[in-house]
file my_file36.json (JSON, C-alpha atoms)
[["chain", "number", "residue", "atom", "x", "y", "z"],
["A", 1114, "MET", "CA", 19.89, 59.08, -26.58],
["A", 1115, "THR", "CA", 17.97, 55.89, -26.13],
["A", 1116, "ALA", "CA", 16.28, 55.29, -22.81],
["A", 1117, "VAL", "CA", 17.96, 52.71, -20.59],
["A", 1118, "GLN", "CA", 15.62, 49.86, -19.70],
["A", 1119, "PRO", "CA", 15.59, 48.98, -15.99],
["A", 1120, "LEU", "CA", 17.07, 45.62, -15.02],
["A", 1121, "VAL", "CA", 14.63, 42.92, -13.99],
["A", 1122, "ARG", "CA", 15.18, 39.53, -12.39],
["A", 1123, "PRO", "CA", 15.38, 36.82, -15.11],
["A", 1124, "GLY", "CA", 12.30, 34.63, -15.42],
["A", 1125, "GLN", "CA", 9.92, 37.10, -13.84],
["A", 1126, "GLY", "CA", 7.40, 39.21, -15.66],
["A", 1127, "ARG", "CA", 4.53, 41.53, -14.91],
["A", 1128, "GLY", "CA", 1.90, 38.86, -14.58],
["A", 1129, "LEU", "CA", -1.26, 39.11, -16.64],
["A", 1130, "ALA", "CA", -0.18, 42.55, -17.86],
["A", 1131, "ASP", "CA", 2.33, 40.78, -20.12],
["A", 1132, "VAL", "CA", -0.48, 38.85, -21.82],
["A", 1133, "PHE", "CA", -1.94, 42.03, -23.31],
["A", 1134, "ARG", "CA", 1.50, 42.98, -24.67],
["A", 1135, "HIS", "CA", 1.94, 39.67, -26.49],
["A", 1136, "GLY", "CA", -1.29, 39.25, -28.42],
["A", 1137, "TYR", "CA", 0.50, 37.67, -31.37],
["A", 1138, "LEU", "CA", 2.05, 34.96, -29.20],
["A", 1139, "LEU", "CA", -1.35, 34.34, -27.62],
["A", 1140, "ARG", "CA", -2.91, 33.75, -31.04],
["A", 1141, "LEU", "CA", -0.12, 31.33, -31.93],
["A", 1142, "LEU", "CA", -0.66, 29.35, -28.74],
["A", 1143, "VAL", "CA", -4.43, 29.21, -29.29],
["A", 1144, "ASN", "CA", -3.90, 27.94, -32.84],
["A", 1145, "LYS", "CA", -1.38, 25.39, -31.55],
["A", 1146, "GLU", "CA", -3.80, 24.11, -28.91],
["A", 1147, "ILE", "CA", -6.57, 23.67, -31.50],
["A", 1148, "GLN", "CA", -4.29, 21.91, -34.00],
["A", 1149, "VAL", "CA", -2.75, 19.59, -31.42],
["A", 1150, "ARG", "CA", -6.09, 18.66, -29.91],
["A", 1151, "TYR", "CA", -7.64, 17.65, -33.22],
["A", 1152, "ARG", "CA", -4.56, 16.23, -34.92],
["A", 1153, "GLY", "CA", -5.58, 12.99, -36.57],
["A", 1154, "SER", "CA", -9.26, 13.61, -35.79],
["A", 1155, "VAL", "CA", -11.81, 13.08, -38.54],
["A", 1156, "LEU", "CA", -14.56, 15.21, -37.02],
["A", 1157, "GLY", "CA", -12.42, 17.97, -35.51],
["A", 1158, "LEU", "CA", -14.48, 20.82, -34.04],
["A", 1159, "VAL", "CA", -17.66, 18.83, -34.68],
["A", 1160, "TRP", "CA", -16.91, 17.18, -31.35],
["A", 1161, "SER", "CA", -17.84, 20.52, -29.79],
["A", 1162, "TYR", "CA", -21.40, 19.71, -30.86],
["A", 1163, "ILE", "CA", -21.39, 15.97, -30.20],
["A", 1164, "LYS", "CA", -20.03, 15.91, -26.62],
["A", 1165, "PRO", "CA", -22.51, 18.40, -25.09],
["A", 1166, "GLY", "CA", -25.32, 16.83, -27.11],
["A", 1167, "VAL", "CA", -24.65, 13.37, -25.68],
["A", 1168, "GLN", "CA", -24.17, 14.84, -22.20],
["A", 1169, "PHE", "CA", -27.49, 16.64, -22.47],
["A", 1170, "LEU", "CA", -29.35, 13.51, -23.58],
["A", 1171, "VAL", "CA", -27.95, 11.46, -20.70],
["A", 1172, "PHE", "CA", -28.85, 14.06, -18.06],
["A", 1173, "TYR", "CA", -32.25, 14.73, -19.61],
["A", 1174, "LEU", "CA", -33.20, 11.06, -19.61],
["A", 1175, "ALA", "CA", -31.82, 10.42, -16.13],
["A", 1176, "LEU", "CA", -33.12, 13.54, -14.41],
["A", 1177, "GLY", "CA", -35.85, 14.93, -16.62],
["A", 1178, "VAL", "CA", -37.60, 11.71, -17.62],
["A", 1179, "PHE", "CA", -36.71, 9.06, -15.02],
["A", 1180, "LEU", "CA", -36.69, 11.37, -11.99],
["A", 1181, "GLY", "CA", -39.43, 13.59, -13.39],
["A", 1182, "LEU", "CA", -37.76, 16.99, -13.03],
["A", 1183, "ASN", "CA", -39.29, 18.12, -16.30],
["A", 1184, "LYS", "CA", -42.83, 17.62, -14.99],
["A", 1185, "GLY", "CA", -44.50, 20.88, -14.14],
["A", 1186, "MET", "CA", -41.51, 22.87, -15.44],
["A", 1187, "ALA", "CA", -41.73, 24.74, -18.72],
["A", 1188, "ASN", "CA", -38.95, 24.07, -21.23],
["A", 1189, "TYR", "CA", -36.81, 21.98, -18.90],
["A", 1190, "PRO", "CA", -34.49, 21.04, -21.82],
["A", 1191, "VAL", "CA", -33.60, 24.75, -22.27],
["A", 1192, "TYR", "CA", -33.08, 25.09, -18.52],
["A", 1193, "LEU", "CA", -30.82, 22.03, -18.47],
["A", 1194, "PHE", "CA", -28.77, 22.82, -21.57],
["A", 1195, "SER", "CA", -28.18, 26.47, -20.63],
["A", 1196, "GLY", "CA", -26.51, 25.27, -17.44],
["A", 1197, "ILE", "CA", -24.58, 22.48, -19.14],
["A", 1198, "VAL", "CA", -22.92, 24.72, -21.74],
["A", 1199, "LEU", "CA", -21.71, 27.10, -19.03],
["A", 1200, "ILE", "CA", -20.36, 24.41, -16.70],
["A", 1201, "ASN", "CA", -18.66, 22.76, -19.69],
["A", 1202, "PHE", "CA", -16.87, 26.02, -20.42],
["A", 1203, "PHE", "CA", -15.73, 26.30, -16.81],
["A", 1204, "GLY", "CA", -14.55, 22.70, -16.68],
["A", 1205, "GLU", "CA", -12.51, 22.98, -19.86],
["A", 1206, "ALA", "CA", -11.01, 26.41, -19.13],
["A", 1207, "PHE", "CA", -10.14, 25.56, -15.53],
["A", 1208, "GLY", "CA", -8.95, 22.01, -16.15],
["A", 1209, "ASN", "CA", -6.73, 22.77, -19.13],
["A", 1210, "GLY", "CA", -5.47, 25.96, -17.52],
["A", 1211, "ALA", "CA", -4.38, 24.00, -14.45],
["A", 1212, "ARG", "CA", -2.48, 21.53, -16.67],
["A", 1213, "ALA", "CA", -1.02, 24.13, -19.05],
["A", 1214, "MET", "CA", 2.37, 24.56, -17.34],
["A", 1215, "VAL", "CA", 3.13, 20.86, -17.17],
["A", 1216, "ALA", "CA", 1.79, 20.24, -20.68],
["A", 1217, "ASN", "CA", 4.09, 22.95, -22.06],
["A", 1218, "GLY", "CA", 7.04, 22.05, -19.82],
["A", 1219, "ALA", "CA", 9.39, 21.34, -22.72],
["A", 1220, "LEU", "CA", 8.80, 24.81, -24.18],
["A", 1221, "ILE", "CA", 9.08, 26.52, -20.80],
["A", 1222, "LYS", "CA", 12.49, 24.93, -20.20],
["A", 1223, "LYS", "CA", 13.87, 26.02, -23.58],
["A", 1224, "ILE", "CA", 12.86, 29.67, -23.94],
["A", 1225, "TYR", "CA", 11.40, 32.45, -21.86],
["A", 1226, "LEU", "CA", 8.05, 33.97, -22.69],
["A", 1227, "PRO", "CA", 5.26, 35.13, -20.39],
["A", 1228, "ARG", "CA", 4.12, 31.82, -18.92],
["A", 1229, "GLU", "CA", 0.64, 33.21, -18.23],
["A", 1230, "LEU", "CA", 0.09, 32.98, -21.98],
["A", 1231, "PHE", "CA", -0.16, 29.19, -21.71],
["A", 1232, "SER", "CA", -2.93, 29.38, -19.13],
["A", 1233, "VAL", "CA", -4.81, 32.24, -20.80],
["A", 1234, "SER", "CA", -4.68, 30.48, -24.17],
["A", 1235, "THR", "CA", -6.66, 27.57, -22.71],
["A", 1236, "VAL", "CA", -9.45, 29.98, -21.78],
["A", 1237, "TRP", "CA", -9.60, 31.21, -25.38],
["A", 1238, "VAL", "CA", -9.71, 27.63, -26.64],
["A", 1239, "ALA", "CA", -12.57, 26.92, -24.24],
["A", 1240, "LEU", "CA", -14.39, 29.98, -25.62],
["A", 1241, "ILE", "CA", -13.95, 28.65, -29.16],
["A", 1242, "HIS", "CA", -15.52, 25.35, -28.10],
["A", 1243, "PHE", "CA", -18.24, 27.22, -26.22],
["A", 1244, "LEU", "CA", -19.49, 29.07, -29.30],
["A", 1245, "PRO", "CA", -20.95, 26.02, -31.13],
["A", 1246, "GLN", "CA", -22.79, 25.02, -27.94],
["A", 1247, "LEU", "CA", -24.10, 28.57, -27.56],
["A", 1248, "LEU", "CA", -25.35, 28.44, -31.15],
["A", 1249, "ILE", "CA", -27.32, 25.27, -30.43],
["A", 1250, "LEU", "CA", -28.75, 26.84, -27.29],
["A", 1251, "LEU", "CA", -29.85, 29.95, -29.21],
["A", 1252, "ILE", "CA", -31.56, 27.83, -31.89],
["A", 1253, "ALA", "CA", -33.42, 25.88, -29.20],
["A", 1254, "CYS", "CA", -34.44, 29.10, -27.42],
["A", 1255, "PHE", "CA", -35.77, 30.74, -30.57],
["A", 1256, "ALA", "CA", -37.65, 27.53, -31.41],
["A", 1257, "VAL", "CA", -39.64, 27.79, -28.17],
["A", 1258, "GLY", "CA", -40.32, 31.52, -28.36],
["A", 1259, "TRP", "CA", -37.29, 33.23, -26.81],
["A", 1260, "HIS", "CA", -37.96, 36.96, -26.36],
["A", 1261, "PRO", "CA", -35.09, 38.45, -24.34],
["A", 1262, "GLY", "CA", -34.81, 42.03, -23.18],
["A", 1263, "LEU", "CA", -31.73, 44.17, -22.69],
["A", 1264, "LEU", "CA", -31.45, 42.94, -19.10],
["A", 1265, "GLN", "CA", -31.28, 39.33, -20.29],
["A", 1266, "ILE", "CA", -28.63, 40.16, -22.90],
["A", 1267, "GLY", "CA", -26.59, 41.95, -20.26],
["A", 1268, "SER", "CA", -26.94, 38.95, -17.95],
["A", 1269, "ILE", "CA", -25.34, 36.71, -20.58],
["A", 1270, "ILE", "CA", -22.33, 39.01, -20.82],
["A", 1271, "VAL", "CA", -21.95, 39.33, -17.05],
["A", 1272, "ALA", "CA", -22.22, 35.56, -16.57],
["A", 1273, "MET", "CA", -19.45, 34.99, -19.08],
["A", 1274, "VAL", "CA", -17.27, 37.64, -17.45],
["A", 1275, "ILE", "CA", -17.70, 35.88, -14.10],
["A", 1276, "MET", "CA", -16.78, 32.50, -15.54],
["A", 1277, "VAL", "CA", -13.79, 33.82, -17.51],
["A", 1278, "LEU", "CA", -12.39, 35.60, -14.46],
["A", 1279, "LEU", "CA", -12.99, 32.65, -12.15],
["A", 1280, "SER", "CA", -11.66, 29.96, -14.47],
["A", 1281, "SER", "CA", -8.62, 32.09, -15.35],
["A", 1282, "GLY", "CA", -7.80, 32.70, -11.69],
["A", 1283, "LEU", "CA", -8.25, 29.07, -10.68],
["A", 1284, "GLY", "CA", -6.30, 27.95, -13.75],
["A", 1285, "LEU", "CA", -3.35, 30.14, -12.76],
["A", 1286, "LEU", "CA", -3.52, 29.07, -9.11],
["A", 1287, "PHE", "CA", -3.73, 25.34, -9.77],
["A", 1288, "GLY", "CA", -1.33, 25.65, -12.70],
["A", 1289, "VAL", "CA", 1.28, 26.75, -10.17],
["A", 1290, "ALA", "CA", 0.30, 24.00, -7.72],
["A", 1291, "ASN", "CA", 0.49, 21.37, -10.45],
["A", 1292, "VAL", "CA", 4.10, 22.26, -11.23],
["A", 1293, "PHE", "CA", 5.14, 21.39, -7.69],
["A", 1294, "PHE", "CA", 2.51, 18.77, -6.77],
["A", 1295, "ARG", "CA", 1.14, 16.55, -9.55],
["A", 1296, "ASP", "CA", -1.70, 15.48, -7.26],
["A", 1297, "SER", "CA", -3.24, 18.85, -8.03],
["A", 1298, "GLU", "CA", -4.65, 17.42, -11.28],
["A", 1299, "ASN", "CA", -6.83, 15.04, -9.28],
["A", 1300, "ILE", "CA", -8.03, 17.90, -7.10],
["A", 1301, "VAL", "CA", -8.96, 19.86, -10.23],
["A", 1302, "ASP", "CA", -11.02, 16.93, -11.51],
["A", 1303, "LEU", "CA", -12.80, 16.70, -8.16],
["A", 1304, "ILE", "CA", -13.56, 20.42, -8.11],
["A", 1305, "THR", "CA", -14.98, 20.28, -11.63],
["A", 1306, "MET", "CA", -17.19, 17.30, -10.78],
["A", 1307, "VAL", "CA", -18.41, 18.84, -7.51],
["A", 1308, "ALA", "CA", -19.05, 22.21, -9.20],
["A", 1309, "THR", "CA", -21.57, 20.54, -11.52],
["A", 1310, "TRP", "CA", -23.62, 19.30, -8.58],
["A", 1311, "LEU", "CA", -23.14, 22.27, -6.24],
["A", 1312, "SER", "CA", -24.62, 24.62, -8.83],
["A", 1313, "PRO", "CA", -28.21, 24.57, -10.18],
["A", 1314, "VAL", "CA", -27.23, 22.98, -13.47],
["A", 1315, "LEU", "CA", -29.24, 19.78, -13.17],
["A", 1316, "TYR", "CA", -31.84, 20.83, -10.60],
["A", 1317, "VAL", "CA", -33.74, 23.93, -9.48],
["A", 1318, "TRP", "CA", -32.26, 26.27, -6.87],
["A", 1319, "THR", "CA", -35.48, 26.17, -4.82],
["A", 1320, "MET", "CA", -34.61, 22.60, -3.82],
["A", 1321, "VAL", "CA", -31.60, 23.93, -1.91],
["A", 1322, "GLN", "CA", -33.69, 26.59, -0.21],
["A", 1323, "LYS", "CA", -36.41, 24.12, 0.81],
["A", 1324, "GLU", "CA", -34.41, 21.06, 1.79],
["A", 1325, "LEU", "CA", -31.36, 22.53, 3.55],
["A", 1326, "PRO", "CA", -31.03, 24.78, 6.61],
["A", 1327, "ALA", "CA", -31.56, 28.49, 6.00],
["A", 1328, "TRP", "CA", -27.91, 29.38, 6.69],
["A", 1329, "VAL", "CA", -26.77, 27.20, 3.77],
["A", 1330, "PHE", "CA", -28.51, 29.25, 1.09],
["A", 1331, "PRO", "CA", -26.35, 32.43, 1.40],
["A", 1332, "ILE", "CA", -23.24, 30.27, 1.17],
["A", 1333, "TYR", "CA", -24.69, 28.48, -1.83],
["A", 1334, "MET", "CA", -25.43, 31.78, -3.57],
["A", 1335, "SER", "CA", -21.95, 33.12, -2.78],
["A", 1336, "ASN", "CA", -20.55, 30.60, -5.25],
["A", 1337, "PRO", "CA", -19.80, 32.54, -8.48],
["A", 1338, "ILE", "CA", -20.64, 29.46, -10.57],
["A", 1339, "THR", "CA", -24.12, 29.29, -9.03],
["A", 1340, "VAL", "CA", -24.70, 32.96, -9.85],
["A", 1341, "ALA", "CA", -23.40, 32.60, -13.41],
["A", 1342, "VAL", "CA", -25.63, 29.57, -14.06],
["A", 1343, "GLU", "CA", -28.66, 31.39, -12.68],
["A", 1344, "LEU", "CA", -27.86, 34.39, -14.86],
["A", 1345, "PHE", "CA", -27.90, 32.06, -17.86],
["A", 1346, "HIS", "CA", -31.22, 30.64, -16.72],
["A", 1347, "TYR", "CA", -32.54, 34.17, -16.30],
["A", 1348, "ALA", "CA", -31.32, 35.11, -19.79],
["A", 1349, "PHE", "CA", -32.12, 32.00, -21.82],
["A", 1350, "TRP", "CA", -34.73, 29.96, -19.99],
["A", 1351, "LEU", "CA", -36.96, 32.50, -18.24],
["A", 1352, "PRO", "CA", -37.88, 34.42, -21.45],
["A", 1353, "THR", "CA", -39.14, 31.13, -22.96],
["A", 1354, "THR", "CA", -41.65, 30.70, -20.11],
["A", 1355, "ASP", "CA", -44.59, 32.82, -19.04],
["A", 1356, "GLY", "CA", -42.20, 34.84, -16.87],
["A", 1357, "THR", "CA", -43.64, 33.74, -13.54],
["A", 1358, "ALA", "CA", -40.90, 31.22, -12.68],
["A", 1359, "ASP", "CA", -38.85, 31.94, -9.58],
["A", 1360, "ILE", "CA", -35.33, 33.30, -9.78],
["A", 1361, "PRO", "CA", -33.10, 33.56, -6.71],
["A", 1362, "PRO", "CA", -33.95, 36.64, -4.65],
["A", 1363, "HIS", "CA", -31.61, 39.60, -5.21],
["A", 1364, "LEU", "CA", -29.86, 37.76, -8.03],
["A", 1365, "LEU", "CA", -29.01, 40.89, -10.01],
["A", 1366, "THR", "CA", -28.66, 43.42, -7.21],
["A", 1367, "GLN", "CA", -26.77, 41.45, -4.56],
["A", 1368, "TRP", "CA", -25.41, 38.09, -5.64],
["A", 1369, "THR", "CA", -24.10, 39.16, -9.04],
["A", 1370, "PRO", "CA", -21.85, 41.92, -7.61],
["A", 1371, "ILE", "CA", -20.63, 39.47, -4.95],
["A", 1372, "ALA", "CA", -19.83, 36.90, -7.64],
["A", 1373, "LEU", "CA", -17.89, 39.49, -9.64],
["A", 1374, "VAL", "CA", -15.88, 40.54, -6.59],
["A", 1375, "VAL", "CA", -15.09, 36.93, -5.63],
["A", 1376, "SER", "CA", -14.03, 36.12, -9.20],
["A", 1377, "VAL", "CA", -11.75, 39.16, -9.36],
["A", 1378, "LEU", "CA", -10.19, 38.24, -6.02],
["A", 1379, "VAL", "CA", -9.53, 34.69, -7.23],
["A", 1380, "LEU", "CA", -7.87, 36.09, -10.36],
["A", 1381, "VAL", "CA", -5.70, 38.48, -8.33],
["A", 1382, "VAL", "CA", -4.62, 35.71, -5.94],
["A", 1383, "GLY", "CA", -3.86, 33.40, -8.86],
["A", 1384, "ASP", "CA", -1.83, 36.09, -10.63],
["A", 1385, "LEU", "CA", 0.15, 36.93, -7.48],
["A", 1386, "ALA", "CA", 0.93, 33.28, -6.78],
["A", 1387, "PHE", "CA", 1.96, 32.77, -10.38],
["A", 1388, "ARG", "CA", 4.28, 35.79, -10.41],
["A", 1389, "LYS", "CA", 5.89, 34.76, -7.14],
["A", 1390, "LEU", "CA", 6.66, 31.18, -8.14],
["A", 1391, "GLU", "CA", 7.08, 31.18, -11.93],
["A", 1392, "GLY", "CA", 10.85, 31.66, -11.59],
["A", 1393, "HIS", "CA", 11.07, 28.07, -10.26],
["A", 1394, "PHE", "CA", 9.04, 26.48, -13.09],
["A", 1395, "ALA", "CA", 11.95, 25.53, -15.35],
["A", 1396, "GLN", "CA", 13.86, 23.53, -12.74],
["A", 1397, "GLU", "CA", 10.71, 21.90, -11.35],
["A", 1398, "LEU", "CA", 9.55, 20.81, -14.80]]
call {"tool": "encode", "arguments": {"input": "my_file36.json", "output": "structure tokens"}}
result
Amino acid sequence: MTAVQPLVRPGQGRGLADVFRHGYLLRLLVNKEIQVRYRGSVLGLVWSYIKPGVQFLVFYLALGVFLGLNKGMANYPVYLFSGIVLINFFGEAFGNGARAMVANGALIKKIYLPRELFSVSTVWVALIHFLPQLLILLIACFAVGWHPGLLQIGSIIVAMVIMVLLSSGLGLLFGVANVFFRDSENIVDLITMVATWLSPVLYVWTMVQKELPAWVFPIYMSNPITVAVELFHYAFWLPTTDGTADIPPHLLTQWTPIALVVSVLVLVVGDLAFRKLEGHFAQEL
């Protein structure tokens, strides 16, 4: 006798657990996102090299040369670019994840499939665009004498885990909000812009410690993006220097675990909100 499957409410799934059961659909959505994004484009994925390159040059000239942040700091271009590639990944994964439900509204209204797939697929697309930037960063690091240890390699992995968890959770949360309130897209853009300046991407973390009241620094370091960026600096930039540069105190032992916990909590909250409200997506879209 065949086992009888329990009845479930239509339009509701098991959240992110369904994503792992539909790997084939996820691959199809990732391929669709890539093809749609570069349809009619001459350069295609080459833009993954051009955009961060132009962004780096603008910030380097404005901050490194004109404001003199590169003076007295070894390999400031490596420091700057290692932060830029990570914040670019976050901005793309979070922003496109938040818009995924509305962008795929026509498909959501026609058939049922785990809607989390749309949001998760944007994270995979962001990872695909991240890889060319990472390659450029690695070439630059090796050119200036990069000599990482196992701790640095592990820091790269942990930083990416933090950013994937955080961007996925925020993408799910704001993806839900965007279905009901289109103003959420503007909030997402503001968060992405503010995140660039509230993390040590363009400046050194010691400026925050020196210029702001002491109670601000723990809050600043509780931001998972700040921790992830500093882990990238620790992994890519610090090994290209003489090793005496300052890193935030207790970065690996205290702030990294906190960042992981916060990122997991954001993902759980995003998943719960998504599961609770996804049954209303079709009529709202």
call {"tool": "closest_residue", "arguments": {"input": "my_file36.json", "among": "A:Ala1308, A:Asn1336, A:Phe1255, A:Val1233", "to": "Arg1140 in chain A", "atoms": "only C-alpha atoms"}}
result
A:Val1233
call {"tool": "closest_atom_pairs", "arguments": {"input": "my_file36.json", "of": "range 1271-1380 of chain A", "to": "range 1178-1184 of chain A", "cutoff": "10 Å", "atoms": "only C-alpha atoms", "output": "Markdown table"}}
result
| residue | atom | partner | partner_atom | distance |
| --- | --- | --- | --- | --- |
| A:Leu1315 | CA | A:Leu1182 | CA | 9.0 |
| A:Tyr1316 | CA | A:Leu1182 | CA | 7.5 |
| A:Val1317 | CA | A:Leu1182 | CA | 8.8 |
call {"tool": "atom_distance", "arguments": {"input": "my_file36.json", "atom1": "CA of Gly1185 in chain A", "atom2": "CA of Asp1359 in chain A"}}
result
13.2 Å
call {"tool": "closest_atom_pairs", "arguments": {"input": "my_file36.json", "of": "range 1218-1260 of chain A", "to": "range 1279-1295 of chain A", "cutoff": "12 Å", "atoms": "all atoms listed in the file", "output": "CSV"}}
result
residue,atom,partner,partner_atom,distance
A:Gly1218,CA,A:Val1292,CA,9.1
A:Ile1221,CA,A:Val1292,CA,11.6
A:Arg1228,CA,A:Leu1285,CA,9.8
A:Glu1229,CA,A:Leu1285,CA,7.4
A:Leu1230,CA,A:Leu1285,CA,10.2
A:Phe1231,CA,A:Leu1285,CA,9.5
A:Ser1232,CA,A:Leu1285,CA,6.4
A:Val1233,CA,A:Ser1281,CA,6.7
A:Ser1234,CA,A:Ser1281,CA,9.8
A:Thr1235,CA,A:Ser1281,CA,8.9
A:Val1236,CA,A:Ser1281,CA,6.8
A:Trp1237,CA,A:Ser1281,CA,10.1
A:Ala1239,CA,A:Ser1280,CA,10.3
A:Leu1240,CA,A:Ser1280,CA,11.5
call {"tool": "write_last_selection", "arguments": {"input": "my_file36.json", "atoms": "C-alpha atoms", "output": "tab-separated table (two decimals), in the frame of the given file"}}
result
chain	number	residue	atom	x	y	z
A	1218	GLY	CA	7.04	22.05	-19.82
A	1221	ILE	CA	9.08	26.52	-20.80
A	1228	ARG	CA	4.12	31.82	-18.92
A	1229	GLU	CA	0.64	33.21	-18.23
A	1230	LEU	CA	0.09	32.98	-21.98
A	1231	PHE	CA	-0.16	29.19	-21.71
A	1232	SER	CA	-2.93	29.38	-19.13
A	1233	VAL	CA	-4.81	32.24	-20.80
A	1234	SER	CA	-4.68	30.48	-24.17
A	1235	THR	CA	-6.66	27.57	-22.71
A	1236	VAL	CA	-9.45	29.98	-21.78
A	1237	TRP	CA	-9.60	31.21	-25.38
A	1239	ALA	CA	-12.57	26.92	-24.24
A	1240	LEU	CA	-14.39	29.98	-25.62
call {"tool": "closest_residue", "arguments": {"input": "my_file36.json", "among": "A:Asn1217, A:Gln1322, A:Ser1376, A:Gln1265", "to": "Pro1352 in chain A", "atoms": "only C-alpha atoms"}}
result
A:Gln1265
call {"tool": "closest_atom_pairs", "arguments": {"input": "my_file36.json", "of": "range 1330-1376 of chain A", "to": "range 1191-1198 of chain A", "cutoff": "7 Å", "atoms": "all atoms listed in the file", "output": "Markdown table"}}
result
| residue | atom | partner | partner_atom | distance |
| --- | --- | --- | --- | --- |
| A:Val1342 | CA | A:Gly1196 | CA | 5.5 |
| A:Phe1345 | CA | A:Ser1195 | CA | 6.2 |
| A:His1346 | CA | A:Tyr1192 | CA | 6.1 |
| A:Phe1349 | CA | A:Ser1195 | CA | 6.9 |
| A:Trp1350 | CA | A:Tyr1192 | CA | 5.3 |
call {"tool": "closest_residue", "arguments": {"input": "my_file36.json", "among": "A:Thr1305, A:Asn1299, A:Gln1148, A:Thr1339", "to": "Ala1206 in chain A", "atoms": "all atoms listed in the file"}}
result
A:Thr1305
call {"tool": "atom_distance", "arguments": {"input": "my_file36.json", "atom1": "CA of Ile1200 in chain A", "atom2": "CA of Met1306 in chain A"}}
result
9.8 Å
call {"tool": "closest_residue", "arguments": {"input": "my_file36.json", "among": "A:Val1149, A:Leu1226, A:Val1271, A:Val1143", "to": "Asp1131 in chain A", "atoms": "all atoms listed in the file"}}
result
A:Leu1226
call {"tool": "atom_distance", "arguments": {"input": "my_file36.json", "atom1": "CA of Ile1304 in chain A", "atom2": "CA of Met1214 in chain A"}}
result
18.9 Å
call {"tool": "closest_atom_pairs", "arguments": {"input": "my_file36.json", "of": "range 1372-1393 of chain A", "to": "range 1207-1211 of chain A", "cutoff": "12 Å", "atoms": "only C-alpha atoms", "output": "tab-separated table"}}
result
residue	atom	partner	partner_atom	distance
A:Leu1380	CA	A:Phe1207	CA	11.9
A:Gly1383	CA	A:Ala1211	CA	10.9
A:Phe1387	CA	A:Ala1211	CA	11.6
call {"tool": "closest_residue", "arguments": {"input": "my_file36.json", "among": "A:His1363, A:Arg1388, A:His1393, A:His1260", "to": "Leu1351 in chain A", "atoms": "all atoms listed in the file"}}
result
A:His1260
call {"tool": "axis_aligned_box", "arguments": {"input": "my_file36.json", "around": "range 1364-1383 of chain A", "padding_each_side": "5 Å", "output": "AutoDock Vina command-line options"}}
result
--center_x -16.9 --center_y 38.4 --center_z -7.5 --size_x 36.0 --size_y 20.0 --size_z 15.8
